[in-house]
Every structure is written in C-alpha cells, then in structure tokens.
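Enquirer: So here's data.tsv, just TSV, C-alpha atoms:
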```tsv
chain	number	residue	atom	x	y	z
A	1	MET	CA	-31.59	38.74	84.94
A	2	THR	CA	-34.11	36.83	87.08
A	3	ASP	CA	-37.07	38.60	85.43
A	4	GLN	CA	-35.62	37.86	81.98
A	5	ASN	CA	-35.18	34.17	82.80
A	6	GLY	CA	-38.68	34.02	84.23
A	7	ALA	CA	-40.15	35.58	81.08
A	8	GLN	CA	-38.24	33.09	78.93
A	9	LEU	CA	-39.58	30.18	80.98
A	10	ASP	CA	-43.13	31.53	80.66
A	11	THR	CA	-42.71	31.76	76.89
A	12	GLN	CA	-41.33	28.23	76.69
A	13	TYR	CA	-44.17	26.92	78.87
A	14	GLY	CA	-46.69	28.64	76.62
A	15	LEU	CA	-45.11	26.95	73.59
A	16	LEU	CA	-45.44	23.54	75.26
A	17	THR	CA	-49.09	24.20	76.03
A	18	THR	CA	-49.70	25.16	72.39
A	19	ILE	CA	-47.85	22.09	71.14
A	20	ALA	CA	-49.78	19.80	73.49
A	21	ALA	CA	-53.10	21.20	72.27
A	22	GLU	CA	-52.12	20.90	68.59
A	23	ALA	CA	-50.87	17.34	69.04
A	24	GLY	CA	-53.95	16.34	71.03
A	25	LEU	CA	-51.76	15.20	73.91
A	26	SER	CA	-51.44	16.03	77.58
A	27	LEU	CA	-48.86	18.54	78.69
A	28	SER	CA	-47.18	15.81	80.77
A	29	THR	CA	-46.64	13.68	77.64
A	30	VAL	CA	-45.07	16.60	75.79
A	31	SER	CA	-42.91	17.25	78.85
A	32	LYS	CA	-41.70	13.64	78.78
A	33	VAL	CA	-40.55	14.11	75.18
A	34	VAL	CA	-38.82	17.38	76.07
A	35	HIS	CA	-36.94	15.64	78.89
A	36	ARG	CA	-36.22	12.63	76.65
A	37	ARG	CA	-38.05	10.15	78.83
A	38	ARG	CA	-38.22	6.63	77.39
A	39	ASP	CA	-41.85	5.88	78.30
A	40	VAL	CA	-43.31	7.54	75.18
A	41	GLY	CA	-44.24	5.74	71.97
A	42	ALA	CA	-42.05	6.27	68.92
A	43	ALA	CA	-44.86	7.75	66.80
A	44	THR	CA	-45.88	10.15	69.56
A	45	ARG	CA	-42.28	11.17	70.13
A	46	GLU	CA	-41.75	11.85	66.44
A	47	ARG	CA	-44.91	13.98	66.22
A	48	VAL	CA	-43.96	16.05	69.28
A	49	GLU	CA	-40.33	16.49	68.15
A	50	GLY	CA	-41.59	17.77	64.80
A	51	LEU	CA	-43.79	20.35	66.51
A	52	LEU	CA	-40.97	21.37	68.86
A	53	ALA	CA	-38.76	22.03	65.85
A	54	ARG	CA	-41.50	23.89	63.96
A	55	TYR	CA	-42.23	26.20	66.89
A	56	GLY	CA	-38.52	26.73	67.56
A	57	TYR	CA	-38.64	25.34	71.08
A	58	VAL	CA	-35.20	25.26	72.75
A	59	ARG	CA	-34.69	22.80	75.58
A	60	PRO	CA	-33.37	24.52	78.74
A	61	GLY	CA	-29.62	24.96	78.53
A	62	GLU	CA	-29.28	23.62	74.99
A	63	ASN	CA	-28.70	27.05	73.45
A	64	THR	CA	-25.38	27.30	75.32
A	65	PRO	CA	-22.23	25.16	75.45
A	66	ALA	CA	-23.37	24.04	78.90
A	67	GLY	CA	-26.25	22.30	77.17
A	68	THR	CA	-23.97	19.76	75.50
A	69	PRO	CA	-25.32	16.28	76.30
A	70	GLN	CA	-23.46	14.66	79.17
A	71	ILE	CA	-23.06	11.01	80.08
A	72	VAL	CA	-21.57	9.50	83.22
A	73	ALA	CA	-19.13	6.57	83.18
A	74	VAL	CA	-18.92	4.87	86.57
A	75	PHE	CA	-16.09	2.49	87.52
A	76	ARG	CA	-15.25	0.49	90.62
A	77	ASP	CA	-11.97	2.44	90.68
A	78	LEU	CA	-9.75	4.28	88.24
A	79	SER	CA	-6.64	2.15	88.69
A	80	GLY	CA	-5.35	-0.63	86.49
A	81	PRO	CA	-4.66	-0.84	82.75
A	82	TYR	CA	-8.11	-2.22	81.84
A	83	THR	CA	-9.95	0.70	83.42
A	84	LEU	CA	-7.75	3.24	81.66
A	85	GLU	CA	-8.37	1.60	78.28
A	86	VAL	CA	-12.15	1.59	78.80
A	87	VAL	CA	-12.09	5.23	79.93
A	88	ARG	CA	-10.16	6.14	76.80
A	89	GLY	CA	-12.58	4.21	74.59
A	90	VAL	CA	-15.65	5.91	76.10
A	91	VAL	CA	-14.11	9.41	76.07
A	92	ASP	CA	-12.91	9.12	72.46
A	93	ALA	CA	-16.31	7.83	71.33
A	94	ALA	CA	-18.19	10.55	73.21
A	95	GLU	CA	-15.97	13.27	71.77
A	96	ALA	CA	-16.65	12.01	68.26
A	97	LEU	CA	-20.38	12.12	69.00
A	98	GLY	CA	-20.29	15.58	70.59
A	99	VAL	CA	-20.99	14.34	74.11
A	100	ASP	CA	-19.30	15.28	77.39
A	101	VAL	CA	-18.23	12.54	79.83
A	102	LEU	CA	-18.14	12.69	83.60
A	103	THR	CA	-16.23	9.82	85.24
A	104	GLY	CA	-16.71	8.56	88.76
A	105	THR	CA	-16.24	5.54	90.98
A	106	THR	CA	-18.32	3.39	93.28
A	107	SER	CA	-15.57	3.32	95.91
A	108	VAL	CA	-16.94	6.52	97.48
A	109	ARG	CA	-20.40	6.96	95.96
A	110	PRO	CA	-22.56	3.80	95.59
A	111	ILE	CA	-24.37	3.02	92.35
A	112	SER	CA	-27.71	4.02	93.91
A	113	GLN	CA	-26.42	7.60	94.28
A	114	TRP	CA	-25.17	7.66	90.69
A	115	LEU	CA	-28.62	6.53	89.57
A	116	GLU	CA	-30.17	9.32	91.62
A	117	LYS	CA	-27.83	11.79	89.91
A	118	CYS	CA	-29.08	10.51	86.55
A	119	ARG	CA	-32.68	11.08	87.68
A	120	SER	CA	-32.26	14.51	89.23
A	121	GLU	CA	-29.81	16.17	86.83
A	122	ARG	CA	-29.74	16.67	83.08
A	123	VAL	CA	-27.61	13.62	82.35
A	124	ALA	CA	-28.21	11.58	79.20
A	125	GLY	CA	-27.42	8.35	81.01
A	126	LEU	CA	-24.92	6.13	82.79
A	127	ILE	CA	-22.31	3.63	81.62
A	128	ILE	CA	-21.52	1.32	84.56
A	129	VAL	CA	-18.29	-0.68	84.26
A	130	ILE	CA	-17.49	-3.96	86.09
A	131	SER	CA	-19.89	-3.44	88.96
A	132	MET	CA	-22.46	-5.47	90.83
A	133	LEU	CA	-26.01	-4.09	90.62
A	134	THR	CA	-28.32	-4.91	93.51
A	135	ASP	CA	-31.92	-5.91	92.85
A	136	GLU	CA	-32.93	-2.47	94.13
A	137	ASP	CA	-30.57	-0.75	91.67
A	138	GLN	CA	-31.98	-2.75	88.76
A	139	GLN	CA	-35.55	-2.04	89.80
A	140	SER	CA	-34.77	1.68	90.04
A	141	ILE	CA	-33.37	1.65	86.49
A	142	VAL	CA	-36.51	-0.01	85.16
A	143	ASP	CA	-39.06	1.94	87.23
A	144	HIS	CA	-37.61	5.34	86.33
A	145	HIS	CA	-36.77	4.46	82.72
A	146	LEU	CA	-33.11	5.40	83.26
A	147	PRO	CA	-30.76	5.08	80.27
A	148	VAL	CA	-28.09	2.70	81.58
A	149	VAL	CA	-25.57	0.48	79.77
A	150	LEU	CA	-23.39	-2.07	81.57
A	151	ILE	CA	-19.86	-2.96	80.46
A	152	ASP	CA	-18.66	-6.34	81.74
A	153	PRO	CA	-21.15	-6.58	84.63
A	154	LEU	CA	-20.07	-8.91	87.42
A	155	SER	CA	-23.39	-10.73	87.20
A	156	ALA	CA	-26.06	-10.98	84.52
A	157	PRO	CA	-28.78	-8.36	85.05
A	158	SER	CA	-32.15	-9.85	85.93
A	159	GLN	CA	-33.96	-7.01	84.17
A	160	ASN	CA	-33.74	-6.01	80.51
A	161	ILE	CA	-30.76	-3.71	81.01
A	162	PRO	CA	-28.39	-3.56	78.01
A	163	SER	CA	-24.87	-4.88	78.57
A	164	ILE	CA	-21.82	-5.06	76.36
A	165	GLY	CA	-18.66	-7.14	76.55
A	166	VAL	CA	-16.41	-9.36	74.47
A	167	THR	CA	-16.26	-13.02	73.51
A	168	ASN	CA	-14.52	-14.05	76.73
A	169	TRP	CA	-15.05	-17.81	76.35
A	170	ALA	CA	-13.86	-17.91	72.74
A	171	GLY	CA	-10.92	-15.60	73.45
A	172	ALA	CA	-9.71	-17.71	76.37
A	173	LYS	CA	-10.07	-20.86	74.31
A	174	ASP	CA	-7.98	-19.29	71.54
A	175	ALA	CA	-5.30	-18.32	74.07
A	176	VAL	CA	-4.94	-21.82	75.51
A	177	SER	CA	-5.18	-23.45	72.08
A	178	HIS	CA	-2.24	-21.28	71.02
A	179	LEU	CA	-0.19	-22.66	73.92
A	180	ILE	CA	-1.24	-26.23	73.10
A	181	GLN	CA	-0.25	-25.77	69.45
A	182	LEU	CA	3.19	-24.69	70.64
A	183	GLY	CA	3.50	-28.05	72.37
A	184	HIS	CA	2.56	-27.24	75.97
A	185	ARG	CA	0.60	-29.85	77.91
A	186	ARG	CA	0.96	-28.62	81.48
A	187	ILE	CA	-0.74	-25.23	81.34
A	188	GLY	CA	-1.63	-23.23	84.44
A	189	MET	CA	-4.16	-20.44	84.70
A	190	ILE	CA	-4.42	-17.34	86.87
A	191	ALA	CA	-8.18	-16.95	86.65
A	192	GLY	CA	-10.59	-14.25	87.77
A	193	ARG	CA	-13.05	-14.66	90.62
A	194	SER	CA	-15.77	-17.27	90.11
A	195	HIS	CA	-18.55	-14.74	90.86
A	196	SER	CA	-17.45	-12.65	87.86
A	197	LEU	CA	-19.16	-13.43	84.54
A	198	THR	CA	-15.98	-12.48	82.73
A	199	GLY	CA	-13.75	-14.54	85.00
A	200	ALA	CA	-16.01	-17.59	84.79
A	201	ALA	CA	-16.25	-17.40	80.99
A	202	ARG	CA	-12.47	-17.24	80.59
A	203	LEU	CA	-11.99	-20.20	82.93
A	204	HIS	CA	-14.55	-22.20	80.93
A	205	GLY	CA	-12.71	-21.30	77.72
A	206	TYR	CA	-9.46	-22.56	79.27
A	207	ARG	CA	-11.09	-25.85	80.21
A	208	ALA	CA	-12.74	-26.21	76.79
A	209	ALA	CA	-9.36	-25.90	75.02
A	210	LEU	CA	-7.82	-28.54	77.29
A	211	GLU	CA	-10.74	-30.90	76.76
A	212	GLU	CA	-10.62	-30.46	72.99
A	213	ALA	CA	-6.91	-31.39	73.04
A	214	GLY	CA	-7.47	-34.41	75.29
A	215	ILE	CA	-5.60	-32.85	78.22
A	216	ASP	CA	-6.95	-33.56	81.70
A	217	TYR	CA	-7.98	-30.57	83.77
A	218	ASP	CA	-5.80	-30.24	86.88
A	219	PRO	CA	-7.33	-27.93	89.52
A	220	ALA	CA	-3.89	-27.65	91.18
A	221	LEU	CA	-2.80	-25.55	88.19
A	222	VAL	CA	-5.58	-22.97	88.57
A	223	ARG	CA	-5.53	-20.02	90.97
A	224	SER	CA	-8.30	-17.41	91.23
A	225	THR	CA	-7.60	-13.77	92.08
A	226	ASP	CA	-8.97	-10.35	91.34
A	227	PHE	CA	-7.72	-8.93	88.03
A	228	ASP	CA	-4.80	-7.65	90.06
A	229	PHE	CA	-0.98	-7.65	89.86
A	230	ALA	CA	-0.17	-8.16	93.54
A	231	GLU	CA	-2.47	-11.13	94.12
A	232	ALA	CA	-1.37	-12.77	90.87
A	233	LEU	CA	2.28	-12.41	91.92
A	234	VAL	CA	1.67	-14.25	95.20
A	235	VAL	CA	-0.25	-17.20	93.74
A	236	SER	CA	2.01	-17.47	90.68
A	237	ARG	CA	5.09	-17.72	92.88
A	238	ARG	CA	3.52	-20.65	94.73
A	239	MET	CA	2.53	-22.36	91.48
A	240	LEU	CA	5.95	-21.98	89.89
A	241	LEU	CA	7.80	-23.22	92.97
A	242	GLY	CA	5.56	-26.28	93.38
A	243	ASP	CA	6.53	-29.90	92.79
A	244	ALA	CA	5.20	-30.05	89.22
A	245	PRO	CA	5.17	-26.51	87.84
A	246	PRO	CA	3.53	-25.67	84.50
A	247	THR	CA	5.49	-24.95	81.33
A	248	ALA	CA	2.98	-22.23	80.39
A	249	VAL	CA	0.53	-19.98	82.23
A	250	PHE	CA	-2.56	-18.26	80.86
A	251	ALA	CA	-3.48	-15.14	82.85
A	252	ALA	CA	-7.04	-13.80	82.63
A	253	SER	CA	-5.84	-10.19	82.42
A	254	ASP	CA	-2.75	-8.16	81.59
A	255	ALA	CA	-2.40	-7.07	85.24
A	256	GLN	CA	-2.33	-10.70	86.34
A	257	ALA	CA	0.11	-11.59	83.55
A	258	LEU	CA	2.52	-8.94	84.84
A	259	GLY	CA	2.33	-10.68	88.21
A	260	VAL	CA	3.22	-13.98	86.51
A	261	LEU	CA	6.22	-12.38	84.78
A	262	GLU	CA	7.49	-10.99	88.07
A	263	ALA	CA	7.02	-14.35	89.81
A	264	ALA	CA	9.02	-16.02	87.02
A	265	ARG	CA	11.78	-13.44	87.39
A	266	GLN	CA	11.95	-14.01	91.14
A	267	ALA	CA	12.09	-17.78	90.58
A	268	GLY	CA	14.96	-17.40	88.12
A	269	LEU	CA	12.89	-18.61	85.16
A	270	ASP	CA	13.40	-17.38	81.64
A	271	VAL	CA	10.31	-16.27	79.69
A	272	PRO	CA	9.62	-17.82	77.25
A	273	GLY	CA	12.51	-20.33	77.48
A	274	ASP	CA	11.43	-21.90	80.79
A	275	LEU	CA	7.86	-20.58	80.94
A	276	SER	CA	5.46	-19.22	78.33
A	277	VAL	CA	3.04	-16.53	79.53
A	278	MET	CA	-0.22	-15.75	77.73
A	279	SER	CA	-2.51	-12.87	78.65
A	280	PHE	CA	-5.96	-11.37	77.98
A	281	ASP	CA	-6.81	-7.69	77.27
A	282	ASP	CA	-3.92	-6.20	75.26
A	283	THR	CA	-3.86	-2.94	77.17
A	284	LEU	CA	-0.92	-0.60	76.63
A	285	VAL	CA	1.19	-2.43	79.22
A	286	ALA	CA	1.07	-5.72	77.28
A	287	ALA	CA	3.43	-4.49	74.56
A	288	MET	CA	5.63	-2.72	77.15
A	289	ALA	CA	6.17	-5.81	79.30
A	290	CYS	CA	9.48	-7.64	79.31
A	291	PRO	CA	9.13	-9.69	77.23
A	292	PRO	CA	6.13	-8.24	75.36
A	293	LEU	CA	3.03	-10.30	76.10
A	294	SER	CA	1.22	-12.57	73.71
A	295	THR	CA	-2.39	-11.79	74.50
A	296	ILE	CA	-6.04	-11.74	73.48
A	297	ARG	CA	-6.96	-8.26	72.31
A	298	GLN	CA	-10.17	-6.63	73.45
A	299	PRO	CA	-11.48	-3.95	71.03
A	300	PHE	CA	-11.54	-1.16	73.62
A	301	GLU	CA	-12.27	1.63	71.14
A	302	GLU	CA	-15.21	-0.27	69.71
A	303	LEU	CA	-16.36	-1.20	73.22
A	304	GLY	CA	-16.52	2.48	74.20
A	305	ARG	CA	-18.14	3.47	70.93
A	306	GLU	CA	-20.87	0.83	71.14
A	307	ALA	CA	-21.63	1.55	74.80
A	308	THR	CA	-21.92	5.28	74.10
A	309	ARG	CA	-24.01	4.73	70.97
A	310	ILE	CA	-26.46	2.45	72.79
A	311	LEU	CA	-26.68	4.85	75.73
A	312	LEU	CA	-27.62	7.78	73.49
A	313	GLN	CA	-30.12	5.53	71.74
A	314	LEU	CA	-31.72	4.74	75.11
A	315	SER	CA	-31.78	8.43	76.03
A	316	ARG	CA	-33.93	9.05	72.93
A	317	GLY	CA	-36.39	6.42	74.11
A	318	GLU	CA	-35.26	3.79	71.60
A	319	ARG	CA	-34.46	0.19	72.50
A	320	PRO	CA	-31.33	-1.54	71.14
A	321	VAL	CA	-31.76	-4.54	68.87
A	322	SER	CA	-30.35	-6.80	71.60
A	323	ASP	CA	-29.88	-6.39	75.34
A	324	ARG	CA	-26.52	-8.20	75.13
A	325	ILE	CA	-23.73	-7.42	72.68
A	326	GLU	CA	-20.43	-9.31	72.52
A	327	LEU	CA	-17.55	-7.98	70.44
A	328	ALA	CA	-14.98	-10.30	68.89
A	329	THR	CA	-11.50	-10.69	70.38
A	330	ARG	CA	-8.27	-11.38	68.49
A	331	LEU	CA	-5.08	-13.27	69.34
A	332	ILE	CA	-1.91	-11.16	69.28
A	333	GLN	CA	1.32	-13.16	69.29
A	334	ARG	CA	4.44	-11.56	70.74
A	335	THR	CA	7.55	-12.99	72.38
A	336	SER	CA	6.29	-14.21	75.77
A	337	THR	CA	5.19	-17.56	74.28
A	338	ALA	CA	7.31	-20.25	72.63
A	339	PRO	CA	7.47	-24.07	72.46
A	340	PRO	CA	8.60	-25.75	75.69
A	341	ARG	CA	12.20	-26.85	75.77
A	342	GLY	CA	12.71	-30.01	73.67
A	343	ALA	CA	9.15	-29.95	72.25
A	344	HIS	CA	8.29	-30.59	68.62
A	345	THR	CA	5.22	-28.75	67.36
A	346	GLY	CA	2.99	-29.98	64.60
```
As structure tokens, please, write out the structure in this file.

Expert:
Amino acid sequence: MTDQNGAQLDTQYGLLTTIAAEAGLSLSTVSKVVHRRRDVGAATRERVEGLLARYGYVRPGENTPAGTPQIVAVFRDLSGPYTLEVVRGVVDAAEALGVDVLTGTTSVRPISQWLEKCRSERVAGLIIVISMLTDEDQQSIVDHHLPVVLIDPLSAPSQNIPSIGVTNWAGAKDAVSHLIQLGHRRIGMIAGRSHSLTGAARLHGYRAALEEAGIDYDPALVRSTDFDFAEALVVSRRMLLGDAPPTAVFAASDAQALGVLEAARQAGLDVPGDLSVMSFDDTLVAAMACPPLSTIRQPFEELGREATRILLQLSRGERPVSDRIELATRLIQRTSTAPPRGAHTG
C-alpha cells in the first residue's frame, strides 16, 4: 500500500511539474493554487485550475469522501440559546453547500491554536463567533493568508478580516420605540458589556429611541451584564425592587430577558400587566417563554449561510465585496409587551 501511495504521489508531482512548465510558472505558484492559497492572482489561478482539470489532477484526498471540504466554527462556549442558533445556521448552510463542519470552543483551546490547525491541516477556513482576537492573532491571519470570517466579534478587527453581524443599533431602536408607542416612558435596559461591539450598539439604539421620543436617559435604569440568564436575574431583581422601578425592560438578549421574567415572577409582578419585557435575538426559547417574548429577530439561517459562503469564497482566494456585512433584523410582537396600566396609546 505504501509503494502504491508513493507511486501515486510521484505521478501527481510529475503532473504539477508539467503544468508549471506549460503555464510558464514556478512549481511553488502551482502548488499554491493546488492548496487554495489566497496569495495568487485571479488570472493565474484560473489558468492553473484549467490545466489541472485538463490533465485530470486530483487534489490529495479529494477522490474519497474524506476529501469533502471542511470548515471549523469556533465559539467561546457551546451553551446558551444564541450559540445553538448560530451553530444550526452554520451547519445547515454547510450541508447545503456540501461542506463538513467541525465545531470547537476557545474555553480549552485558544484562537491561536485554532489558527494553527487551519494552517497545518486541510481545513478550508475558520468561522470565529463572539471572540476577541489579539493583535497577534490578526497578524497571523493576514501573514498566512488564512480564510477567516468573524461573526459578532467583540471588537472591530484592525486588519481587513471579514466580519458579519446584524443591524444591532437599528434593531434595539425598533425594540424601544415599540415600547414607547405602547405608552411606556420609564424603560429599563439589561445591556451587554460595554467592551462588546454588539452590546454597545444595542445600548446606543436604546438611547437613540429615548432621545427621539424626548425621554431623558436615566443611567439608574441600565444594568450591564454578559448575555447571561443568571447575571440578568440578579440585576433585574434589584431594578424591579428599587424606589422607582420601570414599567418596561428591554433586554439585549433572550437569555437576559429570561432573567428579567424570572425576576418579575419573584417580585410578584405580572408580565405584561405590571411590566412589559422586550428582547433581542428570537432564539427558540423566546417563543417558549411564559409569556412568549416580544423580540427583535436575528436571521440566524442567513447569518450562517453568509458566513459560510464568504469563507468558501476566501478559501478560493477571492475577496468579498465588503469586509463588513450587516443583516437586517425584524420586530416580532408577542404577548410579553402591552401598554402600561392606565396608559392611552396614540
């Protein structure tokens, strides 16, 4: 078996030498095209790919099921409704495109090791979700021409690394405007962390809606947590038991909104009679909550499809039209929001 494999490699190597000579290129350039490196011009790539097809060259492993292209989706962790929705979006998109997906986390293996895996193994590229890239990580991506797409990065990449997300500012503004239109004037927010691009954008959208309606911003009505149930429960309980509690709360994620609902239950408040609760994400748990959550829907399926499409585009050495893509959100009204008691809406 070893002799047979060695003979096949010799034949393949001979084909590459022939192709390099016919194309008037170096063997290293042809090898870059074979390994789908990005640092090759489009015209050169097209010429070499045509010769590879004409000579019947088969990339190592691609004549077997094991040669199916593989991408890696890396998350901070695999808990929480948002993560599960993004995983589903990426996996469904990859299946439709004939691509295998390996999932992993940065809780055990840092991003630098995932990048090394992308360099050393036959991986088409990485999708990195809600993570912080160090300057060294970003430089490694650029220096080694690694196909990488970021979903909701915690900070804006300093290099030209494609990222994809949703219209967080506009979605948050729509959420708070919905509460204002119902007649609420004292609206609290369970926000994300200030260092998060997503969290900051949603807080700014909240403030923009208040300003547009002529409502003063009250920092006492804003609490920042991770996009997490337990933390949101603690800070919501304090807010709702304060001297001047809000009549409505906008949570920056479904997980946080569940914490608000539990805090209201513990405080003996009826939702939406005593307190309206508005959320952001529309993961599966939003419709299962009691009561079902009014929320801002993220297009998770489209998010996964676009991230996968762009990643495969990068793996072929092609640049996307834009390094930043934002997908539109949509307001979904359910039964967790209603006018405050005694209010008249216009």

Enquirer: Could you give me, as a VMD selection string, the residues within 10 Å of Gly104 in chain A, counting all atoms listed in the file and dropping anything in the same chain fewer than 6 positions from it?

Expert: chain A and resid 72 to 78 114 128

Enquirer: So which residues touch Ala289 in chain A within 10 Å, counting only C-alpha atoms, skipping near sequence neighbours fewer than 3 positions away, as a list in words?

Expert: Asp254, Ala257, Leu258, Leu261, Leu284, Val285, Ala286, Pro292, Leu293 and Ser336 of chain A

Enquirer: Grab the CA of Val87 in chain A to CA of Asp323 in chain A distance for me, in Å with one decimal place.

Expert: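 Taking CA of Val87 in chain A as the start and CA of Asp323 in chain A as the end point, the length is 21.7 Å.
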
Enquirer: Give as a VMD selection string the set of residues within 9 Å of the point (-20.9, -2.1, 91.3), where distances use the file's coordinates and all atoms listed in the file.

Expert: chain A and resid 74 to 76 105 to 107 110 to 111 128 to 134 153 to 154

Enquirer: Quick one: contact table of range 99-164 of chain A to range 302-315 of chain A, 10 Å max, nearest atom pair and distance in Å to one decimal per residue, counting all atoms listed in the file, chain and number order, as CSV?

Expert:
```
residue,atom,partner,partner_atom,distance
A:Val99,CA,A:Thr308,CA,9.1
A:Val101,CA,A:Thr308,CA,10.0
A:Val123,CA,A:Ser315,CA,9.2
A:Ala124,CA,A:Ser315,CA,5.7
A:Gly125,CA,A:Leu311,CA,6.4
A:Leu126,CA,A:Leu311,CA,7.4
A:Ile127,CA,A:Ala307,CA,7.2
A:Ile128,CA,A:Ala307,CA,9.8
A:His145,CA,A:Leu314,CA,9.1
A:Leu146,CA,A:Ser315,CA,8.0
A:Pro147,CA,A:Leu314,CA,5.3
A:Val148,CA,A:Leu311,CA,6.4
A:Val149,CA,A:Leu311,CA,6.1
A:Leu150,CA,A:Ala307,CA,7.9
A:Ile151,CA,A:Ala307,CA,7.5
A:Pro162,CA,A:Ile310,CA,8.2
A:Ser163,CA,A:Ala307,CA,8.1
A:Ile164,CA,A:Ala307,CA,6.8
```

Enquirer: Please report the interatomic distance between CA of Pro272 in chain A and CA of Leu210 in chain A in Å with one decimal.

Expert: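 Between CA of Pro272 in chain A and CA of Leu210 in chain A the gap is 20.5 Å.
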
Enquirer: Taking the point (-19.2, -11.0, 71.9) as given in the file, collect each protein or nucleic acid residue that comes within 6 Å of it, counting all atoms listed in the file, and present the set as a ChimeraX atom specification.

Expert: /A:166-167,325-328

Enquirer: Quick one: residues within 9 Å of Asp100 in chain A, all atoms listed in the file counted, chain neighbours fewer than 4 positions away excluded, as a VMD selection string?

Expert: chain A and resid 68 to 72 91 94 to 95

Enquirer: Taking into account all atoms listed in the file, which residue in the set A:His35, A:Arg265, A:Asp274, A:Ala200 is nearest to Glu121 in chain A?

Expert: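 Among the listed residues, the smallest separation from Glu121 in chain A belongs to A:His35.
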
Enquirer: Mind pulling up the distance from CA of Asp281 in chain A to CA of Gly80 in chain A?

Expert: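 Taking CA of Gly80 in chain A as the start and CA of Asp281 in chain A as the end point, the length is 11.7 Å.
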
Enquirer: Have a look at A:Ala287, A:Ala53, A:Val234, A:Ala175 and name the one nearest to Gln266 in chain A; count only C-alpha atoms.

Expert: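 Among the listed residues, A:Val234 lies closest to Gln266 in chain A.
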
Enquirer: Ranking A:Gln159, A:Arg316, A:Gly268, A:Arg237 by minimum distance to Arg36 in chain A and counting only C-alpha atoms, which one comes first?

Expert: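 Once distances to Arg36 in chain A are computed over only C-alpha atoms, the minimum belongs to A:Arg316.
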
Enquirer: Between A:Ala220, A:Ile332, A:Ala232, A:Leu179, single out the one closest to Gln298 in chain A, counting only C-alpha atoms.

Expert: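 Smallest distance to Gln298 in chain A is found for A:Ile332.
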
Enquirer: Please complete range 29-35 of chain A so it has all heavy atoms, and hand it over as an mmCIF file, in the coordinates of the input.

Expert:
```cif
data_model
loop_
_atom_site.group_PDB
_atom_site.id
_atom_site.type_symbol
_atom_site.label_atom_id
_atom_site.label_comp_id
_atom_site.auth_asym_id
_atom_site.auth_seq_id
_atom_site.Cartn_x
_atom_site.Cartn_y
_atom_site.Cartn_z
ATOM 1 N N THR A 29 -47.251 14.492 78.704
ATOM 2 C CA THR A 29 -46.640 13.680 77.640
ATOM 3 C C THR A 29 -45.637 14.488 76.847
ATOM 4 O O THR A 29 -44.530 14.018 76.531
ATOM 5 C CB THR A 29 -47.724 13.122 76.703
ATOM 6 O OG1 THR A 29 -48.605 12.278 77.447
ATOM 7 C CG2 THR A 29 -47.100 12.320 75.572
ATOM 8 N N VAL A 30 -46.002 15.725 76.506
ATOM 9 C CA VAL A 30 -45.070 16.600 75.790
ATOM 10 C C VAL A 30 -43.832 16.854 76.648
ATOM 11 O O VAL A 30 -42.697 16.855 76.147
ATOM 12 C CB VAL A 30 -45.759 17.933 75.427
ATOM 13 C CG1 VAL A 30 -44.748 18.915 74.826
ATOM 14 C CG2 VAL A 30 -46.906 17.688 74.444
ATOM 15 N N SER A 31 -44.033 17.027 77.944
ATOM 16 C CA SER A 31 -42.910 17.250 78.850
ATOM 17 C C SER A 31 -41.971 16.049 78.877
ATOM 18 O O SER A 31 -40.739 16.205 78.944
ATOM 19 C CB SER A 31 -43.425 17.545 80.256
ATOM 20 O OG SER A 31 -42.355 17.735 81.159
ATOM 21 N N LYS A 32 -42.532 14.847 78.809
ATOM 22 C CA LYS A 32 -41.700 13.640 78.780
ATOM 23 C C LYS A 32 -40.794 13.640 77.543
ATOM 24 O O LYS A 32 -39.630 13.264 77.607
ATOM 25 C CB LYS A 32 -42.569 12.395 78.790
ATOM 26 C CG LYS A 32 -43.221 12.092 80.134
ATOM 27 C CD LYS A 32 -44.063 10.822 80.044
ATOM 28 C CE LYS A 32 -44.715 10.504 81.383
ATOM 29 N NZ LYS A 32 -45.538 9.270 81.303
ATOM 30 N N VAL A 33 -41.343 14.057 76.412
ATOM 31 C CA VAL A 33 -40.550 14.110 75.180
ATOM 32 C C VAL A 33 -39.443 15.159 75.323
ATOM 33 O O VAL A 33 -38.288 14.920 74.947
ATOM 34 C CB VAL A 33 -41.434 14.413 73.956
ATOM 35 C CG1 VAL A 33 -40.576 14.573 72.704
ATOM 36 C CG2 VAL A 33 -42.467 13.305 73.758
ATOM 37 N N VAL A 34 -39.802 16.310 75.877
ATOM 38 C CA VAL A 34 -38.820 17.380 76.070
ATOM 39 C C VAL A 34 -37.662 16.894 76.935
ATOM 40 O O VAL A 34 -36.492 17.179 76.660
ATOM 41 C CB VAL A 34 -39.492 18.608 76.713
ATOM 42 C CG1 VAL A 34 -38.430 19.611 77.180
ATOM 43 C CG2 VAL A 34 -40.444 19.271 75.732
ATOM 44 N N HIS A 35 -37.978 16.120 77.971
ATOM 45 C CA HIS A 35 -36.940 15.640 78.890
ATOM 46 C C HIS A 35 -36.385 14.278 78.479
ATOM 47 O O HIS A 35 -35.667 13.637 79.244
ATOM 48 C CB HIS A 35 -37.497 15.567 80.313
ATOM 49 C CG HIS A 35 -37.768 16.915 80.903
ATOM 50 N ND1 HIS A 35 -39.000 17.531 80.803
ATOM 51 C CD2 HIS A 35 -36.962 17.783 81.570
ATOM 52 C CE1 HIS A 35 -38.947 18.713 81.402
ATOM 53 N NE2 HIS A 35 -37.714 18.893 81.873
#
```
